[in-house]
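K.L.:
Dropping in data.pdb, which is PDB, C-alpha atoms:
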ATOM      1  CA  MET A   1       4.297 -13.839  -2.247  1.00  0.00           C
ATOM      2  CA  LEU A   2       4.866 -14.929   1.343  1.00  0.00           C
ATOM      3  CA  VAL A   3       2.679 -12.068   2.548  1.00  0.00           C
ATOM      4  CA  ASP A   4      -0.273 -13.985   1.045  1.00  0.00           C
ATOM      5  CA  CYS A   5       0.590 -17.179   2.943  1.00  0.00           C
ATOM      6  CA  VAL A   6      -1.505 -16.989   6.100  1.00  0.00           C
ATOM      7  CA  THR A   7      -2.518 -19.264   8.953  1.00  0.00           C
ATOM      8  CA  LEU A   8      -6.308 -19.477   9.289  1.00  0.00           C
ATOM      9  CA  GLN A   9      -8.288 -20.805  12.219  1.00  0.00           C
ATOM     10  CA  LEU A  10     -11.283 -22.964  11.413  1.00  0.00           C
ATOM     11  CA  PRO A  11     -14.593 -23.038  13.331  1.00  0.00           C
ATOM     12  CA  LYS A  12     -14.472 -25.195  16.440  1.00  0.00           C
ATOM     13  CA  VAL A  13     -17.724 -26.536  17.890  1.00  0.00           C
ATOM     14  CA  HIS A  14     -17.178 -27.572  21.517  1.00  0.00           C
ATOM     15  CA  ASP A  15     -19.065 -30.621  22.765  1.00  0.00           C
ATOM     16  CA  PRO A  16     -18.442 -32.818  25.817  1.00  0.00           C
ATOM     17  CA  ARG A  17     -18.792 -35.829  23.495  1.00  0.00           C
ATOM     18  CA  GLY A  18     -15.977 -34.498  21.282  1.00  0.00           C
ATOM     19  CA  ASN A  19     -15.203 -31.297  19.361  1.00  0.00           C
ATOM     20  CA  LEU A  20     -16.134 -30.710  15.734  1.00  0.00           C
ATOM     21  CA  THR A  21     -14.410 -28.594  13.073  1.00  0.00           C
ATOM     22  CA  PHE A  22     -15.592 -28.072   9.482  1.00  0.00           C
ATOM     23  CA  VAL A  23     -14.294 -26.457   6.287  1.00  0.00           C
ATOM     24  CA  GLU A  24     -16.435 -25.015   3.491  1.00  0.00           C
ATOM     25  CA  GLY A  25     -14.882 -23.903   0.235  1.00  0.00           C
ATOM     26  CA  GLY A  26     -15.134 -20.194  -0.434  1.00  0.00           C
ATOM     27  CA  ARG A  27     -16.065 -19.486   3.193  1.00  0.00           C
ATOM     28  CA  GLN A  28     -13.430 -20.592   5.690  1.00  0.00           C
ATOM     29  CA  ILE A  29     -10.795 -20.783   2.941  1.00  0.00           C
ATOM     30  CA  PRO A  30     -10.434 -18.488  -0.126  1.00  0.00           C
ATOM     31  CA  PHE A  31     -11.164 -21.079  -2.849  1.00  0.00           C
ATOM     32  CA  ASP A  32     -13.557 -23.865  -3.788  1.00  0.00           C
ATOM     33  CA  ILE A  33     -12.383 -27.372  -2.880  1.00  0.00           C
ATOM     34  CA  ARG A  34     -11.926 -29.764  -5.837  1.00  0.00           C
ATOM     35  CA  ARG A  35      -9.570 -32.292  -4.294  1.00  0.00           C
ATOM     36  CA  VAL A  36      -8.563 -33.619  -0.856  1.00  0.00           C
ATOM     37  CA  TYR A  37      -5.538 -35.797  -0.058  1.00  0.00           C
ATOM     38  CA  TYR A  38      -3.544 -36.588   3.089  1.00  0.00           C
ATOM     39  CA  LEU A  39      -0.125 -37.853   4.123  1.00  0.00           C
ATOM     40  CA  TYR A  40       0.300 -40.351   6.961  1.00  0.00           C
ATOM     41  CA  ASP A  41       2.753 -42.993   8.222  1.00  0.00           C
ATOM     42  CA  VAL A  42       5.606 -40.663   7.304  1.00  0.00           C
ATOM     43  CA  PRO A  43       8.881 -42.202   8.577  1.00  0.00           C
ATOM     44  CA  GLY A  44      10.876 -40.144  11.073  1.00  0.00           C
ATOM     45  CA  GLY A  45      13.332 -37.788   9.416  1.00  0.00           C
ATOM     46  CA  SER A  46      11.569 -37.918   6.054  1.00  0.00           C
ATOM     47  CA  GLU A  47      10.721 -34.869   3.955  1.00  0.00           C
ATOM     48  CA  ARG A  48       7.782 -34.315   1.634  1.00  0.00           C
ATOM     49  CA  GLY A  49       6.823 -31.605  -0.813  1.00  0.00           C
ATOM     50  CA  GLY A  50       9.722 -30.143  -2.728  1.00  0.00           C
ATOM     51  CA  HIS A  51       7.642 -28.558  -5.476  1.00  0.00           C
ATOM     52  CA  ALA A  52       5.484 -25.562  -6.433  1.00  0.00           C
ATOM     53  CA  HIS A  53       2.279 -25.093  -8.415  1.00  0.00           C
ATOM     54  CA  LEU A  54       1.616 -22.730 -11.298  1.00  0.00           C
ATOM     55  CA  ALA A  55      -2.054 -22.083 -10.506  1.00  0.00           C
ATOM     56  CA  LEU A  56      -3.140 -24.363  -7.653  1.00  0.00           C
ATOM     57  CA  HIS A  57      -4.319 -22.987  -4.287  1.00  0.00           C
ATOM     58  CA  GLN A  58      -3.902 -25.234  -1.229  1.00  0.00           C
ATOM     59  CA  PHE A  59      -4.814 -25.304   2.441  1.00  0.00           C
ATOM     60  CA  VAL A  60      -2.759 -27.592   4.711  1.00  0.00           C
ATOM     61  CA  ILE A  61      -3.958 -28.907   8.091  1.00  0.00           C
ATOM     62  CA  ALA A  62      -2.179 -31.020  10.703  1.00  0.00           C
ATOM     63  CA  MET A  63      -5.056 -33.418  11.413  1.00  0.00           C
ATOM     64  CA  SER A  64      -2.934 -35.279  13.963  1.00  0.00           C
ATOM     65  CA  GLY A  65       0.519 -34.712  15.414  1.00  0.00           C
ATOM     66  CA  SER A  66       2.683 -31.923  14.010  1.00  0.00           C
ATOM     67  CA  PHE A  67       5.086 -30.999  11.203  1.00  0.00           C
ATOM     68  CA  ASP A  68       6.829 -27.989   9.681  1.00  0.00           C
ATOM     69  CA  ILE A  69       6.286 -26.337   6.288  1.00  0.00           C
ATOM     70  CA  VAL A  70       9.029 -24.202   4.718  1.00  0.00           C
ATOM     71  CA  LEU A  71       7.637 -21.787   2.109  1.00  0.00           C
ATOM     72  CA  ASP A  72       9.680 -19.933  -0.501  1.00  0.00           C
ATOM     73  CA  ASP A  73       8.368 -17.315  -2.964  1.00  0.00           C
ATOM     74  CA  GLY A  74      11.674 -16.878  -4.793  1.00  0.00           C
ATOM     75  CA  PHE A  75      12.675 -13.887  -2.683  1.00  0.00           C
ATOM     76  CA  ASP A  76      12.108 -14.954   0.941  1.00  0.00           C
ATOM     77  CA  ARG A  77      11.777 -18.179   2.946  1.00  0.00           C
ATOM     78  CA  LYS A  78       9.725 -18.786   6.080  1.00  0.00           C
ATOM     79  CA  ARG A  79       9.103 -21.808   8.319  1.00  0.00           C
ATOM     80  CA  TYR A  80       5.642 -22.548   9.752  1.00  0.00           C
ATOM     81  CA  HIS A  81       4.796 -25.087  12.460  1.00  0.00           C
ATOM     82  CA  LEU A  82       1.387 -26.773  12.318  1.00  0.00           C
ATOM     83  CA  ASN A  83       0.082 -28.817  15.263  1.00  0.00           C
ATOM     84  CA  ARG A  84      -3.668 -28.054  15.592  1.00  0.00           C
ATOM     85  CA  SER A  85      -6.486 -29.803  13.747  1.00  0.00           C
ATOM     86  CA  TYR A  86      -8.595 -26.608  13.734  1.00  0.00           C
ATOM     87  CA  GLU A  87      -5.903 -24.468  12.124  1.00  0.00           C
ATOM     88  CA  GLY A  88      -4.383 -24.544   8.644  1.00  0.00           C
ATOM     89  CA  LEU A  89      -1.939 -22.775   6.341  1.00  0.00           C
ATOM     90  CA  TYR A  90      -3.095 -21.211   3.057  1.00  0.00           C
ATOM     91  CA  ILE A  91      -0.557 -21.581   0.220  1.00  0.00           C
ATOM     92  CA  PRO A  92      -1.170 -19.568  -2.991  1.00  0.00           C
ATOM     93  CA  PRO A  93       0.196 -20.478  -6.437  1.00  0.00           C
ATOM     94  CA  MET A  94       3.897 -20.019  -7.265  1.00  0.00           C
ATOM     95  CA  THR A  95       5.072 -20.898  -3.742  1.00  0.00           C
ATOM     96  CA  TRP A  96       7.748 -23.549  -3.248  1.00  0.00           C
ATOM     97  CA  ARG A  97       7.017 -25.808  -0.254  1.00  0.00           C
ATOM     98  CA  GLU A  98       8.953 -28.377   1.754  1.00  0.00           C
ATOM     99  CA  LEU A  99       7.472 -30.431   4.640  1.00  0.00           C
ATOM    100  CA  ASP A 100       9.672 -31.902   7.377  1.00  0.00           C
ATOM    101  CA  ASN A 101       9.944 -32.498  11.127  1.00  0.00           C
ATOM    102  CA  PHE A 102       6.991 -34.902  11.149  1.00  0.00           C
ATOM    103  CA  SER A 103       6.037 -36.155  14.602  1.00  0.00           C
ATOM    104  CA  SER A 104       5.163 -39.795  15.177  1.00  0.00           C
ATOM    105  CA  GLY A 105       1.632 -40.586  13.995  1.00  0.00           C
ATOM    106  CA  SER A 106       1.151 -37.206  12.274  1.00  0.00           C
ATOM    107  CA  VAL A 107      -1.406 -36.779   9.509  1.00  0.00           C
ATOM    108  CA  CYS A 108      -1.160 -33.935   6.969  1.00  0.00           C
ATOM    109  CA  MET A 109      -4.378 -33.153   5.084  1.00  0.00           C
ATOM    110  CA  VAL A 110      -4.336 -30.922   1.993  1.00  0.00           C
ATOM    111  CA  LEU A 111      -7.357 -29.212   0.407  1.00  0.00           C
ATOM    112  CA  ALA A 112      -6.769 -28.202  -3.220  1.00  0.00           C
ATOM    113  CA  SER A 113      -8.570 -25.862  -5.613  1.00  0.00           C
ATOM    114  CA  GLU A 114      -8.267 -28.196  -8.632  1.00  0.00           C
ATOM    115  CA  VAL A 115      -8.048 -31.879  -9.439  1.00  0.00           C
ATOM    116  CA  TYR A 116      -4.628 -33.419  -9.967  1.00  0.00           C
ATOM    117  CA  ASP A 117      -2.757 -32.062 -13.004  1.00  0.00           C
ATOM    118  CA  GLU A 118       0.910 -32.934 -13.457  1.00  0.00           C
ATOM    119  CA  ALA A 119       1.347 -30.004 -15.862  1.00  0.00           C
ATOM    120  CA  ASP A 120       0.659 -27.626 -12.955  1.00  0.00           C
ATOM    121  CA  TYR A 121       3.679 -28.875 -10.962  1.00  0.00           C
ATOM    122  CA  ILE A 122       7.151 -27.323 -10.899  1.00  0.00           C
ATOM    123  CA  ARG A 123       9.388 -30.025  -9.430  1.00  0.00           C
ATOM    124  CA  ASN A 124      12.809 -28.455 -10.045  1.00  0.00           C
ATOM    125  CA  TYR A 125      13.833 -25.517  -7.853  1.00  0.00           C
ATOM    126  CA  SER A 126      15.934 -23.910 -10.611  1.00  0.00           C
ATOM    127  CA  ASP A 127      12.921 -23.977 -12.927  1.00  0.00           C
ATOM    128  CA  PHE A 128      10.831 -22.432 -10.152  1.00  0.00           C
ATOM    129  CA  MET A 129      13.291 -19.561  -9.671  1.00  0.00           C
ATOM    130  CA  LEU A 130      13.420 -18.963 -13.426  1.00  0.00           C
ATOM    131  CA  GLU A 131       9.618 -18.800 -13.607  1.00  0.00           C
ATOM    132  CA  VAL A 132       9.389 -16.458 -10.604  1.00  0.00           C
ATOM    133  CA  HIS A 133      11.894 -13.943 -11.934  1.00  0.00           C
ATOM    134  CA  THR A 134      10.548 -14.145 -15.478  1.00  0.00           C
ATOM    135  CA  ARG A 135       7.108 -13.161 -14.169  1.00  0.00           C
ATOM    136  CA  HIS A 136       8.643 -10.473 -11.970  1.00  0.00           C
ATOM    137  CA  ARG A 137      10.474  -8.853 -14.907  1.00  0.00           C
ATOM    138  CA  ALA A 138       7.362  -9.041 -17.093  1.00  0.00           C
ATOM    139  CA  GLN A 139       5.266  -7.252 -14.459  1.00  0.00           C
ATOM    140  CA  HIS A 140       7.790  -4.440 -14.019  1.00  0.00           C
ATOM    141  CA  HIS A 141       8.748  -4.110 -17.701  1.00  0.00           C
ATOM    142  CA  HIS A 142       5.409  -2.477 -18.638  1.00  0.00           C
ATOM    143  CA  ALA A 143       5.318  -0.046 -15.712  1.00  0.00           C
ATOM    144  CA  PRO A 144       5.276   3.594 -16.978  1.00  0.00           C
ATOM    145  CA  PRO A 145       8.388   5.630 -16.116  1.00  0.00           C
ATOM    146  CA  ALA A 146       8.118   8.052 -13.246  1.00  0.00           C
ATOM    147  CA  ALA A 147       7.495  11.642 -14.346  1.00  0.00           C
ATOM    148  CA  HIS A 148      10.257  14.109 -13.493  1.00  0.00           C
ATOM    149  CA  VAL A 149       9.755  17.520 -11.950  1.00  0.00           C
ATOM    150  CA  GLY A 150       8.672  19.971 -14.623  1.00  0.00           C
ATOM    151  CA  THR A 151       7.479  17.264 -17.035  1.00  0.00           C
ATOM    152  CA  ILE A 152       4.282  15.428 -17.884  1.00  0.00           C
ATOM    153  CA  THR A 153       4.871  11.699 -18.537  1.00  0.00           C
ATOM    154  CA  GLY A 154       8.479  12.473 -19.459  1.00  0.00           C
ATOM    155  CA  THR A 155       7.697  15.321 -21.904  1.00  0.00           C
ATOM    156  CA  PRO A 156       9.268  18.675 -20.890  1.00  0.00           C
ATOM    157  CA  LEU A 157       6.814  21.443 -20.146  1.00  0.00           C
ATOM    158  CA  SER A 158       6.989  24.596 -22.281  1.00  0.00           C
ATOM    159  CA  THR A 159       8.541  27.623 -20.585  1.00  0.00           C
ATOM    160  CA  PRO A 160       5.867  30.245 -19.824  1.00  0.00           C
ATOM    161  CA  ALA A 161       6.214  33.636 -21.584  1.00  0.00           C
ATOM    162  CA  PRO A 162       7.600  36.444 -19.379  1.00  0.00           C
ATOM    163  CA  PRO A 163       5.048  39.069 -18.250  1.00  0.00           C
ATOM    164  CA  ALA A 164       4.723  42.247 -20.347  1.00  0.00           C
ATOM    165  CA  PRO A 165       6.688  45.230 -18.952  1.00  0.00           C
ATOM    166  CA  ARG A 166       4.624  47.663 -16.927  1.00  0.00           C
ATOM    167  CA  ARG A 167       4.019  51.070 -18.596  1.00  0.00           C
ATOM    168  CA  GLU A 168       3.798  54.317 -16.795  1.00  0.00           C
ATOM    169  CA  PRO A 169       0.449  56.222 -17.011  1.00  0.00           C
ATOM    170  CA  ALA A 170       1.985  59.045 -19.068  1.00  0.00           C
ATOM    171  CA  GLU A 171       3.161  56.591 -21.747  1.00  0.00           C
ATOM    172  CA  ALA A 172      -0.306  55.078 -21.983  1.00  0.00           C
ATOM    173  CA  ILE A 173      -1.907  58.502 -22.452  1.00  0.00           C
ATOM    174  CA  ASP A 174       0.550  59.426 -25.246  1.00  0.00           C
ATOM    175  CA  GLU A 175      -0.305  56.172 -27.069  1.00  0.00           C
ATOM    176  CA  MET A 176      -4.032  56.903 -26.772  1.00  0.00           C
ATOM    177  CA  GLU A 177      -3.591  60.430 -28.229  1.00  0.00           C
ATOM    178  CA  THR A 178      -1.525  59.056 -31.098  1.00  0.00           C
ATOM    179  CA  ALA A 179      -4.192  56.463 -31.877  1.00  0.00           C
ATOM    180  CA  VAL A 180      -6.893  59.162 -32.007  1.00  0.00           C
ATOM    181  CA  LEU A 181      -4.890  61.531 -34.192  1.00  0.00           C
ATOM    182  CA  THR A 182      -3.594  58.961 -36.631  1.00  0.00           C
ATOM    183  CA  PRO A 183      -6.832  58.496 -38.704  1.00  0.00           C
ATOM    184  CA  ALA A 184      -7.172  62.265 -39.385  1.00  0.00           C
ATOM    185  CA  THR A 185      -3.533  62.540 -40.394  1.00  0.00           C
ATOM    186  CA  SER A 186      -3.801  59.579 -42.760  1.00  0.00           C
ATOM    187  CA  ARG A 187      -6.799  61.206 -44.500  1.00  0.00           C
ATOM    188  CA  SER A 188      -4.841  64.357 -45.238  1.00  0.00           C
ATOM    189  CA  THR A 189      -2.316  62.336 -47.168  1.00  0.00           C
ATOM    190  CA  ARG A 190      -4.909  61.064 -49.624  1.00  0.00           C
ATOM    191  CA  SER A 191      -5.563  62.851 -52.922  1.00  0.00           C
ATOM    192  CA  GLY A 192      -7.828  65.796 -52.201  1.00  0.00           C
ATOM    193  CA  SER A 193      -9.027  67.158 -48.809  1.00  0.00           C
ATOM    194  CA  PHE A 194     -11.876  66.356 -46.478  1.00  0.00           C
ATOM    195  CA  ASP A 195     -13.895  69.246 -47.961  1.00  0.00           C
ATOM    196  CA  ASP A 196     -13.411  67.854 -51.457  1.00  0.00           C
ATOM    197  CA  GLU A 197     -14.815  64.485 -50.347  1.00  0.00           C
ATOM    198  CA  LEU A 198     -17.805  66.258 -48.798  1.00  0.00           C
ATOM    199  CA  VAL A 199     -18.569  68.221 -52.035  1.00  0.00           C
ATOM    200  CA  LEU A 200     -18.379  65.071 -54.106  1.00  0.00           C
ATOM    201  CA  ASN A 201     -20.793  63.294 -51.863  1.00  0.00           C
ATOM    202  CA  ILE A 202     -23.348  66.159 -52.003  1.00  0.00           C
ATOM    203  CA  THR A 203     -23.284  66.425 -55.782  1.00  0.00           C
TER     204      THR A 203
END
Can you turn what I pasted into structure tokens?
P.N.:
Amino acid sequence: MLVDCVTLQLPKVHDPRGNLTFVEGGRQIPFDIRRVYYLYDVPGGSERGGHAHLALHQFVIAMSGSFDIVLDDGFDRKRYHLNRSYEGLYIPPMTWRELDNFSSGSVCMVLASEVYDEADYIRNYSDFMLEVHTRHRAQHHHAPPAAHVGTITGTPLSTPAPPAPRREPAEAIDEMETAVLTPATSRSTRSGSFDDELVLNIT
């Protein structure tokens, strides 16, 4: 994404005999350096780049003169102008780049996170766009659907039971009296009486 493409300033040691700038992998730039190459003697009006990388990280510095870099992430394009030897542009993987507008005597130095690997290059813009949108769909295909109001992960919530109707105090008292009297009444319906049960128990 273009939001990850940033211009970084490198340390600059001032000295009346001449300034000094250094780069250390994993410190001034966000990757270890495995390869360094540079472009020079570029004829006026020429363009370089015109490719993307699947996994390679790069840091581009205008060591002398100036030039422009146009970056494209498949959704947006942005032009950067480099003209300072103590400043560089970080380019993450899956970013299409084109270099143009080279000044006379310019030198473009590139620091790379891996050694040269042709299999890591995407040299056709249509193939680059296909790869970008394929990855984009894959990332969003597995995203869980948003839960709706009244549901948990798409499953409707059960409707809560309505509250029991409120009873008046008189009704509650009547129910209590009925509950107390019911056992005695049920005994009288059995064979024999309470006194009969008592006699049988004594004998």
K.L.:
Between atom CA of Asp32 of chain A and atom CA of Phe59 of chain A, what is the spacing in Å?
P.N.:
10.8 Å
K.L.:
Using only C-alpha atoms, pick whichever of A:Thr7, A:Asn101, A:Ser46, A:Asn19 has the shortest atom-to-atom distance to Ser66 of chain A.
P.N.:
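Checking each candidate against Ser66 of chain A, we get A:Asn101 as the closest.
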K.L.:
Taking all atoms listed in the file into account, name the residue in A:Tyr86, A:Ala55, A:Leu71, A:Gln139 that is nearest to Lys12 of chain A.
P.N.:
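Result for the nearest residue to Lys12 of chain A: A:Tyr86.
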K.L.:
Go through A:Asp68, A:Asp100, A:Tyr80, A:Ala112 one by one, measure the shortest atom-to-atom distance of each to Gly25 of chain A using all atoms listed in the file, and give the residue with the smallest value.
P.N.:
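Ranked by minimum distance to Gly25 of chain A, first place goes to A:Ala112.
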K.L.:
Starting from the PyMOL selection byres ((chain A and resi 114) around 9), expand the selection into actual residues of this file and give them as an NGL selection string.
P.N.:
:A and (32-35 or 55-57 or 112-113 or 115-117)
K.L.:
Based on the selection just made, write C-alpha atoms of those residues as a PDB file, in the frame of the given file.
P.N.:
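This is the output file result_23.pdb:
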ATOM      1  CA  ASP A  32     -13.557 -23.865  -3.788  1.00  0.00           C
ATOM      2  CA  ILE A  33     -12.383 -27.372  -2.880  1.00  0.00           C
ATOM      3  CA  ARG A  34     -11.926 -29.764  -5.837  1.00  0.00           C
ATOM      4  CA  ARG A  35      -9.570 -32.292  -4.294  1.00  0.00           C
ATOM      5  CA  ALA A  55      -2.054 -22.083 -10.506  1.00  0.00           C
ATOM      6  CA  LEU A  56      -3.140 -24.363  -7.653  1.00  0.00           C
ATOM      7  CA  HIS A  57      -4.319 -22.987  -4.287  1.00  0.00           C
ATOM      8  CA  ALA A 112      -6.769 -28.202  -3.220  1.00  0.00           C
ATOM      9  CA  SER A 113      -8.570 -25.862  -5.613  1.00  0.00           C
ATOM     10  CA  VAL A 115      -8.048 -31.879  -9.439  1.00  0.00           C
ATOM     11  CA  TYR A 116      -4.628 -33.419  -9.967  1.00  0.00           C
ATOM     12  CA  ASP A 117      -2.757 -32.062 -13.004  1.00  0.00           C
TER      13      ASP A 117
END
K.L.:
Under the rule that only C-alpha atoms are counted, which of A:Asp72, A:Thr21, A:Gln28, A:Asp120 is the nearest residue to Arg84 of chain A?
P.N.:
A:Thr21
K.L.:
Written as a PyMOL selection string, which residues does the PyMOL selection byres ((chain A and resi 105) around 8) give for the file shown?
P.N.:
chain A and resi 40-42+64-65+103-104+106-107
K.L.:
Enter the distance from atom CA of Leu20 of chain A to atom CA of Ile69 of chain A, in Å, rounded to one decimal.
P.N.:
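Spanning atom CA of Leu20 of chain A to atom CA of Ile69 of chain A is a straight-line distance of 24.7 Å.
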K.L.:
To one decimal place, how far is atom CA of Gly44 of chain A from atom CA of Val70 of chain A in Å?
P.N.:
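Answer for the atom CA of Gly44 of chain A to atom CA of Val70 of chain A separation: 17.3 Å.
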K.L.:
Would you compute an axis-aligned box for segment 92-102 of chain A, covering every atom listed for it in the file with 8 Å of margin on each side, and report centre and edge lengths in Å to one decimal as JSON?
P.N.:
{"center_x": 4.4, "center_y": -27.2, "center_z": 1.9, "size_x": 27.1, "size_y": 31.3, "size_z": 34.4}
K.L.:
Taking the file as I've supplied it (selection: the PyMOL selection byres ((chain A and resi 96) around 9)), which residues are included? Please answer as a list in words.
P.N.:
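Checked against the file, the PyMOL selection byres ((chain A and resi 96) around 9) matches Gly49, Gly50, His51, Ala52, His53, Val70, Leu71, Asp72, Asp73, Gly74, Pro93, Met94, Thr95, Arg97, Glu98, Ile122, Tyr125 and Phe128 of chain A.
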K.L.:
Go ahead and save the residues from that selection, with C-alpha atoms, as a PDB file, keeping the file's coordinate frame.
P.N.:
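Saved the output as again31.pdb:
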ATOM      1  CA  GLY A  49       6.823 -31.605  -0.813  1.00  0.00           C
ATOM      2  CA  GLY A  50       9.722 -30.143  -2.728  1.00  0.00           C
ATOM      3  CA  HIS A  51       7.642 -28.558  -5.476  1.00  0.00           C
ATOM      4  CA  ALA A  52       5.484 -25.562  -6.433  1.00  0.00           C
ATOM      5  CA  HIS A  53       2.279 -25.093  -8.415  1.00  0.00           C
ATOM      6  CA  VAL A  70       9.029 -24.202   4.718  1.00  0.00           C
ATOM      7  CA  LEU A  71       7.637 -21.787   2.109  1.00  0.00           C
ATOM      8  CA  ASP A  72       9.680 -19.933  -0.501  1.00  0.00           C
ATOM      9  CA  ASP A  73       8.368 -17.315  -2.964  1.00  0.00           C
ATOM     10  CA  GLY A  74      11.674 -16.878  -4.793  1.00  0.00           C
ATOM     11  CA  PRO A  93       0.196 -20.478  -6.437  1.00  0.00           C
ATOM     12  CA  MET A  94       3.897 -20.019  -7.265  1.00  0.00           C
ATOM     13  CA  THR A  95       5.072 -20.898  -3.742  1.00  0.00           C
ATOM     14  CA  ARG A  97       7.017 -25.808  -0.254  1.00  0.00           C
ATOM     15  CA  GLU A  98       8.953 -28.377   1.754  1.00  0.00           C
ATOM     16  CA  ILE A 122       7.151 -27.323 -10.899  1.00  0.00           C
ATOM     17  CA  TYR A 125      13.833 -25.517  -7.853  1.00  0.00           C
ATOM     18  CA  PHE A 128      10.831 -22.432 -10.152  1.00  0.00           C
TER      19      PHE A 128
END
K.L.:
In terms of the shortest atom-to-atom distance over all atoms listed in the file, which of A:Leu99, A:Leu130, A:Val110, A:Cys5 is closest to Gly45 of chain A?
P.N.:
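Closest to Gly45 of chain A of all the choices is A:Leu99.
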K.L.:
May I ask which of the residues A:Ala62, A:Gly88, A:Val36, A:Leu54 is the closest one to Pro11 of chain A, counting all atoms listed in the file?
P.N.:
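Closest residue, counting all atoms listed in the file: A:Gly88.
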